[in-house]
Every structure is written in C-alpha cells, then in structure tokens.
file entry.txt (compact mmCIF, C-alpha atoms)
# COMPACT_ATOMS: atom_id res chain seq x y z
CA MET A 30 0.00 0.00 0.00
CA SER A 31 1.46 3.37 -1.04
CA ILE A 32 1.55 6.49 1.13
CA ALA A 33 -1.19 8.07 -1.00
CA ASP A 34 -3.45 5.06 -0.34
CA ARG A 35 -3.14 5.66 3.41
CA ILE A 36 -4.43 9.23 3.19
CA SER A 37 -8.20 9.45 2.84
CA SER A 38 -9.96 12.18 0.87
CA THR A 39 -11.27 13.66 4.13
CA GLU A 40 -7.80 13.73 5.64
CA LEU A 41 -6.31 15.28 2.50
CA ARG A 42 -9.00 17.97 2.52
CA ASP A 43 -8.27 18.80 6.18
CA LEU A 44 -4.50 18.89 5.57
CA LEU A 45 -4.86 21.27 2.61
CA LEU A 46 -7.36 23.45 4.50
CA SER A 47 -4.99 23.71 7.46
CA LEU A 48 -2.00 24.44 5.24
CA ALA A 49 -3.90 27.16 3.36
CA ALA A 50 -5.10 28.81 6.57
CA LEU A 51 -1.61 28.80 8.07
CA VAL A 52 -0.08 30.26 4.90
CA VAL A 53 -2.71 33.02 4.94
CA ALA A 54 -2.07 33.71 8.66
CA PHE A 55 1.71 33.98 8.23
CA SER A 56 1.28 36.06 5.06
CA VAL A 57 -0.89 38.55 6.93
CA LEU A 58 1.50 38.62 9.89
CA MET A 59 4.55 39.25 7.68
CA ASN A 60 2.92 41.70 5.24
CA GLY A 61 0.34 43.53 7.31
CA LYS A 62 -2.65 44.46 5.19
CA ARG A 63 -0.67 44.40 1.95
CA ILE A 64 -1.34 41.59 -0.50
CA PRO A 65 1.74 39.32 -0.43
CA ASP A 66 3.58 38.67 -3.67
CA LEU A 67 4.17 35.18 -5.07
CA GLU A 68 7.71 35.06 -3.70
CA THR A 69 6.52 35.67 -0.14
CA ILE A 70 3.79 33.04 -0.48
CA LEU A 71 6.32 30.48 -1.73
CA ILE A 72 8.71 31.23 1.15
CA ILE A 73 5.92 30.83 3.71
CA THR A 74 4.61 27.67 2.04
CA VAL A 75 8.04 26.00 2.23
CA GLY A 76 8.34 26.78 5.93
CA VAL A 77 4.79 25.93 6.93
CA GLY A 78 4.61 22.96 4.56
CA THR A 79 7.70 21.28 6.01
CA GLY A 80 7.02 22.31 9.60
CA PHE A 81 3.32 21.46 9.75
CA LEU A 82 2.66 18.77 7.14
CA LEU A 83 5.70 16.60 7.81
CA HIS A 84 5.19 16.93 11.57
CA GLU A 85 1.64 15.61 11.35
CA MET A 86 2.50 12.89 8.84
CA ALA A 87 5.31 11.68 11.11
CA HIS A 88 2.78 11.19 13.92
CA LYS A 89 0.41 9.44 11.53
CA PHE A 90 2.81 6.94 9.99
CA VAL A 91 4.51 5.99 13.27
CA ALA A 92 1.03 5.37 14.73
CA LEU A 93 0.12 3.26 11.69
CA HIS A 94 3.36 1.31 12.19
CA PHE A 95 2.13 0.33 15.66
CA GLY A 96 -1.23 -0.76 14.29
CA TYR A 97 -3.32 2.23 15.28
CA PHE A 98 -5.99 3.98 13.28
CA ALA A 99 -4.55 7.45 12.61
CA GLU A 100 -5.96 10.34 10.57
CA TYR A 101 -5.43 14.09 10.68
CA ARG A 102 -8.46 16.25 11.43
CA ALA A 103 -8.50 20.03 11.13
CA ASN A 104 -9.61 22.24 13.99
CA GLN A 105 -11.68 24.80 12.12
CA MET A 106 -12.06 27.10 15.13
CA GLY A 107 -8.32 26.95 15.72
CA LEU A 108 -7.64 27.81 12.08
CA MET A 109 -10.05 30.75 12.14
CA PHE A 110 -8.47 32.03 15.34
CA ALA A 111 -4.97 31.76 13.81
CA VAL A 112 -6.02 33.87 10.81
CA ALA A 113 -7.90 36.39 12.98
CA ALA A 114 -4.96 36.71 15.40
CA SER A 115 -2.56 37.39 12.55
CA PHE A 116 -4.44 40.62 11.81
CA VAL A 117 -3.59 41.93 15.29
CA GLY A 118 0.06 40.97 15.09
CA PHE A 119 0.54 37.47 16.48
CA ILE A 120 -0.11 33.82 15.70
CA PHE A 121 -1.29 31.14 18.06
CA ALA A 122 -2.16 28.19 15.88
CA ALA A 123 -3.98 25.02 16.87
CA PRO A 124 -4.65 23.83 13.31
CA GLY A 125 -5.65 20.28 14.21
CA ALA A 126 -4.17 16.95 15.19
CA VAL A 127 -3.79 13.33 14.17
CA MET A 128 -6.62 11.36 15.76
CA ILE A 129 -5.28 8.03 17.01
CA SER A 130 -7.13 5.02 18.37
CA LYS A 131 -6.18 1.46 19.31
CA PRO A 132 -7.96 -1.33 17.40
CA THR A 133 -10.76 -2.73 19.57
CA ALA A 134 -9.79 -6.34 18.97
CA THR A 135 -6.23 -5.73 20.19
CA ALA A 136 -7.39 -4.00 23.35
CA GLU A 137 -9.93 -6.74 24.10
CA PHE A 138 -7.22 -9.40 23.72
CA TYR A 139 -5.01 -7.75 26.34
CA MET A 140 -7.88 -7.00 28.75
CA GLN A 141 -8.71 -10.66 29.34
CA ASP A 142 -6.68 -10.83 32.58
CA SER A 143 -4.68 -8.59 34.93
CA PHE A 144 -1.36 -9.57 33.35
CA GLY A 145 -2.74 -8.62 29.96
CA GLN A 146 -3.93 -5.28 31.31
CA GLU A 147 -0.46 -4.46 32.63
CA GLU A 148 1.10 -5.56 29.34
CA LEU A 149 -1.32 -3.31 27.46
CA LYS A 150 -0.36 -0.35 29.65
CA ARG A 151 3.33 -0.94 29.00
CA GLU A 152 2.77 -1.28 25.26
CA ILE A 153 0.65 1.87 25.09
CA LYS A 154 3.23 3.83 27.10
CA LYS A 155 6.06 2.76 24.78
CA GLU A 156 4.03 3.40 21.63
CA THR A 157 2.84 6.79 22.90
CA LEU A 158 6.46 7.81 23.47
CA TRP A 159 7.50 7.00 19.89
CA ILE A 160 4.36 8.45 18.30
CA SER A 161 4.71 11.67 20.30
CA LEU A 162 8.43 11.98 19.55
CA ALA A 163 7.90 11.51 15.82
CA GLY A 164 6.51 14.98 15.12
CA PRO A 165 9.03 17.12 17.05
CA MET A 166 11.94 14.93 15.94
CA THR A 167 10.91 15.51 12.33
CA ASN A 168 11.05 19.26 12.96
CA ILE A 169 14.45 18.92 14.66
CA ILE A 170 15.83 16.97 11.69
CA LEU A 171 14.44 19.58 9.29
CA THR A 172 15.98 22.36 11.40
CA ALA A 173 19.37 20.65 11.12
CA PHE A 174 18.86 20.17 7.37
CA PHE A 175 18.08 23.83 6.70
CA PHE A 176 20.91 24.96 9.00
CA LEU A 177 23.43 22.82 7.11
CA ALA A 178 22.01 24.00 3.78
CA LEU A 179 22.49 27.62 4.83
CA LEU A 180 25.97 26.84 6.14
CA PHE A 181 27.37 24.83 3.25
CA ALA A 182 25.13 25.24 0.18
CA PRO A 183 25.49 28.28 -2.10
CA LEU A 184 22.04 29.67 -1.27
CA SER A 185 21.09 33.25 -1.97
CA GLY A 186 18.07 35.44 -2.56
CA THR A 187 14.68 33.77 -2.30
CA THR A 188 16.18 30.32 -1.67
CA ALA A 189 18.19 31.55 1.31
CA THR A 190 15.21 33.46 2.70
CA ALA A 191 13.00 30.36 2.39
CA ALA A 192 15.63 28.21 4.15
CA ASN A 193 15.96 30.76 6.96
CA PHE A 194 12.20 30.94 7.44
CA ALA A 195 11.84 27.13 7.33
CA LEU A 196 14.62 26.75 9.91
CA SER A 197 12.92 29.23 12.24
CA ILE A 198 9.46 27.67 11.81
CA ASN A 199 10.69 24.10 12.36
CA LEU A 200 12.77 24.97 15.43
CA THR A 201 9.97 27.02 16.97
CA LEU A 202 7.38 24.34 16.24
CA ALA A 203 9.59 21.61 17.71
CA ALA A 204 10.21 23.62 20.88
CA PHE A 205 6.55 24.60 21.32
CA ASN A 206 5.34 21.02 20.91
CA LEU A 207 7.97 19.76 23.37
CA LEU A 208 6.64 21.92 26.22
CA PRO A 209 5.50 19.45 28.92
CA PHE A 210 2.00 20.89 29.30
CA GLY A 211 -1.60 20.19 28.29
CA PRO A 212 -2.24 18.14 25.14
CA LEU A 213 1.20 18.89 23.64
CA ASP A 214 3.62 16.17 22.52
CA GLY A 215 6.02 17.21 25.26
CA LYS A 216 3.54 16.29 28.01
CA LYS A 217 3.04 12.82 26.51
CA ILE A 218 6.80 12.34 26.16
CA PHE A 219 7.42 13.59 29.72
CA ASP A 220 4.78 11.24 31.13
CA SER A 221 6.09 8.27 29.11
CA ASN A 222 9.82 8.75 29.68
CA ARG A 223 11.24 11.74 31.55
CA MET A 224 14.79 10.98 30.46
CA ALA A 225 13.73 11.13 26.81
CA TRP A 226 12.15 14.54 27.44
CA LEU A 227 15.30 15.81 29.18
CA LEU A 228 17.48 14.63 26.29
CA VAL A 229 15.26 15.94 23.49
CA GLY A 230 12.80 18.48 24.86
CA LEU A 231 14.86 20.63 27.19
CA PRO A 232 17.80 21.30 24.80
CA THR A 233 15.40 22.09 21.94
CA ILE A 234 13.42 24.57 24.02
CA LEU A 235 16.59 26.30 25.25
CA LEU A 236 17.96 26.47 21.69
CA ALA A 237 14.73 27.96 20.36
CA LEU A 238 14.42 30.74 22.96
CA PRO A 239 16.97 33.16 21.40
CA VAL A 240 15.47 32.52 17.94
CA TYR A 241 11.94 33.10 19.22
CA PHE A 242 12.89 36.38 20.92
CA GLY A 243 14.92 37.58 17.94
CA ILE A 244 18.27 37.50 19.71
CA ILE A 245 19.81 35.47 16.87
call {"tool": "encode", "arguments": {"input": "entry.txt", "output": "structure tokens"}}
result
Amino acid sequence: MSIADRISSTELRDLLLSLAALVVAFSVLMNGKRIPDLETILIITVGVGTGFLLHEMAHKFVALHFGYFAEYRANQMGLMFAVAASFVGFIFAAPGAVMISKPTATAEFYMQDSFGQEELKREIKKETLWISLAGPMTNIILTAFFFLALLFAPLSGTTATAANFALSINLTLAAFNLLPFGPLDGKKIFDSNRMAWLLVGLPTILLALPVYFGII
C-alpha cells in the first residue's frame, strides 16, 4: 500500500485546508494588510509545509506502524483564530491533530486478565512515546537540514530566505510542541519517559528561545 493510499480524501482535505489557513495567517503577519507577492507566499509555504505537514505525517505513519488507526483532522475554530490573530500581530495556531485510536480487537485481547492489562499499559506507554516523539523529531531533523544547507550550500536570494524561514518555523514548532503541558507532545513524552524529554525536549526549548525572541 502506497503512502497516498493511506491518506483518505477527508484527511487530504483537512490537511490542505490547514496548510492554506496557516499560509494566509503567516502572510498577513509578515505583510500587514498588503497583498503578499508570489515570492513571499512560496517562502511561507516552504516553511509551513515542512514544519506542519511533515510533523503531522510523522505522527500518523509511526502510529500506523504500531497498528493504530490514525488520521489528521483540522480544527476549524483553531484555524479561524490563527487567521484572525494574525491581523492583530501574532499567531497562536492550533490547526488540528492526528486522531489516534487502538484497534478494539487488540485492546480486548489484552484486557482478558490482569497480566494482559499491565502488558497493554506498557505497550501503550512505549508506543505513545515514539508516536509523540515523531513529530518534534521531524522538525528537529528539518531544522538541522536547513541549517546545514544555509551553512554549506550556495544559497542566496529567495532560496536563502526560504531556508531561513523554514529553519525558524521548524525549530519554533519543535520547541513549542515539546513543552510538557496540556495536550502537547512534550507532556506525553514527559509522562512516558522523563529521560527522553530531558534529552530531546529541554535542549530544543533552550535552543529555540533566542530565535523566538529575535536575539539570533
């Protein structure tokens, strides 16, 4: 089964809707009330496309690997808020999430006795760790890729600007999602394995702070 076969029409619609709304929000934030030119839209699409789409698809395909049902669903209120907030000078985006559920037959098999229940808990904890790590780790890898491209590749003009923006978006998105609060990936990682969070989450957050505040 190809990757395309694993993405339903509903999921594809929600992904494209979320991507479009985020591109509009960042375009408004970066251009004020002016209509952005094609170059600006392309720069934003590269950053948001890699940061958002690949993050969500990483969650999805790792969950599928463990036998879960997993599909992205857009949060329409979150998307509308992101666009509206961009007009007043900031973005707080909750575009949606990958909805994940354990197959009923698998859960019923483990729930037959107390040993099975404990085994199920251990399996879910391990799987939750890897599924939750998948998204932020994808952003971290992309951050490293764009950093190395800027460092060693002969980029200039629009290409360099797009790489800079994509680096910033991916690093910021990784750090935000690794915060150990609420429904974020970082909370799930922290609850599943605190050492993993200390090794991945804390350094990423500290690295992103100067970028977020415009120090570097």
call {"tool": "atom_distance", "arguments": {"input": "entry.txt", "atom1": "CA of Asn222 in chain A", "atom2": "CA of Phe175 in chain A"}}
result
28.7 Å
call {"tool": "residues_near_point", "arguments": {"input": "entry.txt", "point": "(-2.1, 28.3, 7.2)", "cutoff": "12 Å", "atoms": "all atoms listed in the file", "output": "PyMOL selection string"}}
result
chain A and resi 43-58+70+73-78+80-82+103-105+107-113+115+120-125
call {"tool": "residues_around", "arguments": {"input": "entry.txt", "residues": "range 212-214 of chain A", "least_positions_apart": "3", "cutoff": "8 Å", "atoms": "only C-alpha atoms", "output": "ChimeraX atom specification"}}
result
/A:161-162,165,206-209,217-218
call {"tool": "residues_around", "arguments": {"input": "entry.txt", "residues": "Ala126 in chain A", "least_positions_apart": "2", "cutoff": "7 Å", "atoms": "all atoms listed in the file", "output": "VMD selection string"}}
result
chain A and resid 101 to 103 128
call {"tool": "closest_residue", "arguments": {"input": "entry.txt", "among": "A:Ser221, A:Lys216, A:Leu202, A:Arg42", "to": "Leu238 in chain A", "atoms": "all atoms listed in the file"}}
result
A:Leu202
call {"tool": "closest_residue", "arguments": {"input": "entry.txt", "among": "A:Leu67, A:Val117, A:Met106, A:Leu83", "to": "Ile169 in chain A", "atoms": "all atoms listed in the file"}}
result
A:Leu83
call {"tool": "atom_distance", "arguments": {"input": "entry.txt", "atom1": "CA of Ala92 in chain A", "atom2": "CA of Trp159 in chain A"}}
result
8.4 Å
call {"tool": "closest_residue", "arguments": {"input": "entry.txt", "among": "A:Pro239, A:Thr167, A:Ile36, A:Thr157", "to": "Ser197 in chain A", "atoms": "all atoms listed in the file"}}
result
A:Pro239
call {"tool": "build_atoms", "arguments": {"input": "entry.txt", "residues": "range 63-76 of chain A", "atoms": "N, CA and C atoms", "output": "PDB file, keeping the file's coordinate frame"}}
result
ATOM      1  N   ARG A  63      -1.043  44.449   3.364  1.00  0.00           N
ATOM      2  CA  ARG A  63      -0.670  44.400   1.950  1.00  0.00           C
ATOM      3  C   ARG A  63      -0.869  42.994   1.397  1.00  0.00           C
ATOM      4  N   ILE A  64      -1.205  42.900   0.139  1.00  0.00           N
ATOM      5  CA  ILE A  64      -1.340  41.590  -0.500  1.00  0.00           C
ATOM      6  C   ILE A  64       0.060  41.043  -0.771  1.00  0.00           C
ATOM      7  N   PRO A  65       0.388  39.851  -0.244  1.00  0.00           N
ATOM      8  CA  PRO A  65       1.740  39.320  -0.430  1.00  0.00           C
ATOM      9  C   PRO A  65       1.993  38.924  -1.876  1.00  0.00           C
ATOM     10  N   ASP A  66       3.239  39.079  -2.317  1.00  0.00           N
ATOM     11  CA  ASP A  66       3.580  38.670  -3.670  1.00  0.00           C
ATOM     12  C   ASP A  66       3.833  37.159  -3.708  1.00  0.00           C
ATOM     13  N   LEU A  67       3.995  36.621  -4.898  1.00  0.00           N
ATOM     14  CA  LEU A  67       4.170  35.180  -5.070  1.00  0.00           C
ATOM     15  C   LEU A  67       5.411  34.672  -4.362  1.00  0.00           C
ATOM     16  N   GLU A  68       6.476  35.459  -4.362  1.00  0.00           N
ATOM     17  CA  GLU A  68       7.710  35.060  -3.700  1.00  0.00           C
ATOM     18  C   GLU A  68       7.507  34.847  -2.212  1.00  0.00           C
ATOM     19  N   THR A  69       6.800  35.781  -1.576  1.00  0.00           N
ATOM     20  CA  THR A  69       6.520  35.670  -0.140  1.00  0.00           C
ATOM     21  C   THR A  69       5.664  34.447   0.155  1.00  0.00           C
ATOM     22  N   ILE A  70       4.658  34.205  -0.670  1.00  0.00           N
ATOM     23  CA  ILE A  70       3.790  33.040  -0.480  1.00  0.00           C
ATOM     24  C   ILE A  70       4.584  31.737  -0.596  1.00  0.00           C
ATOM     25  N   LEU A  71       5.491  31.679  -1.562  1.00  0.00           N
ATOM     26  CA  LEU A  71       6.320  30.480  -1.730  1.00  0.00           C
ATOM     27  C   LEU A  71       7.234  30.265  -0.531  1.00  0.00           C
ATOM     28  N   ILE A  72       7.829  31.327  -0.019  1.00  0.00           N
ATOM     29  CA  ILE A  72       8.710  31.230   1.150  1.00  0.00           C
ATOM     30  C   ILE A  72       7.935  30.703   2.349  1.00  0.00           C
ATOM     31  N   ILE A  73       6.752  31.259   2.569  1.00  0.00           N
ATOM     32  CA  ILE A  73       5.920  30.830   3.710  1.00  0.00           C
ATOM     33  C   ILE A  73       5.454  29.396   3.522  1.00  0.00           C
ATOM     34  N   THR A  74       5.095  29.027   2.304  1.00  0.00           N
ATOM     35  CA  THR A  74       4.610  27.670   2.040  1.00  0.00           C
ATOM     36  C   THR A  74       5.700  26.626   2.304  1.00  0.00           C
ATOM     37  N   VAL A  75       6.936  26.934   1.948  1.00  0.00           N
ATOM     38  CA  VAL A  75       8.040  26.000   2.230  1.00  0.00           C
ATOM     39  C   VAL A  75       8.186  25.793   3.726  1.00  0.00           C
ATOM     40  N   GLY A  76       8.182  26.890   4.485  1.00  0.00           N
ATOM     41  CA  GLY A  76       8.340  26.780   5.930  1.00  0.00           C
ATOM     42  C   GLY A  76       7.194  26.072   6.616  1.00  0.00           C
TER      43      GLY A  76
END
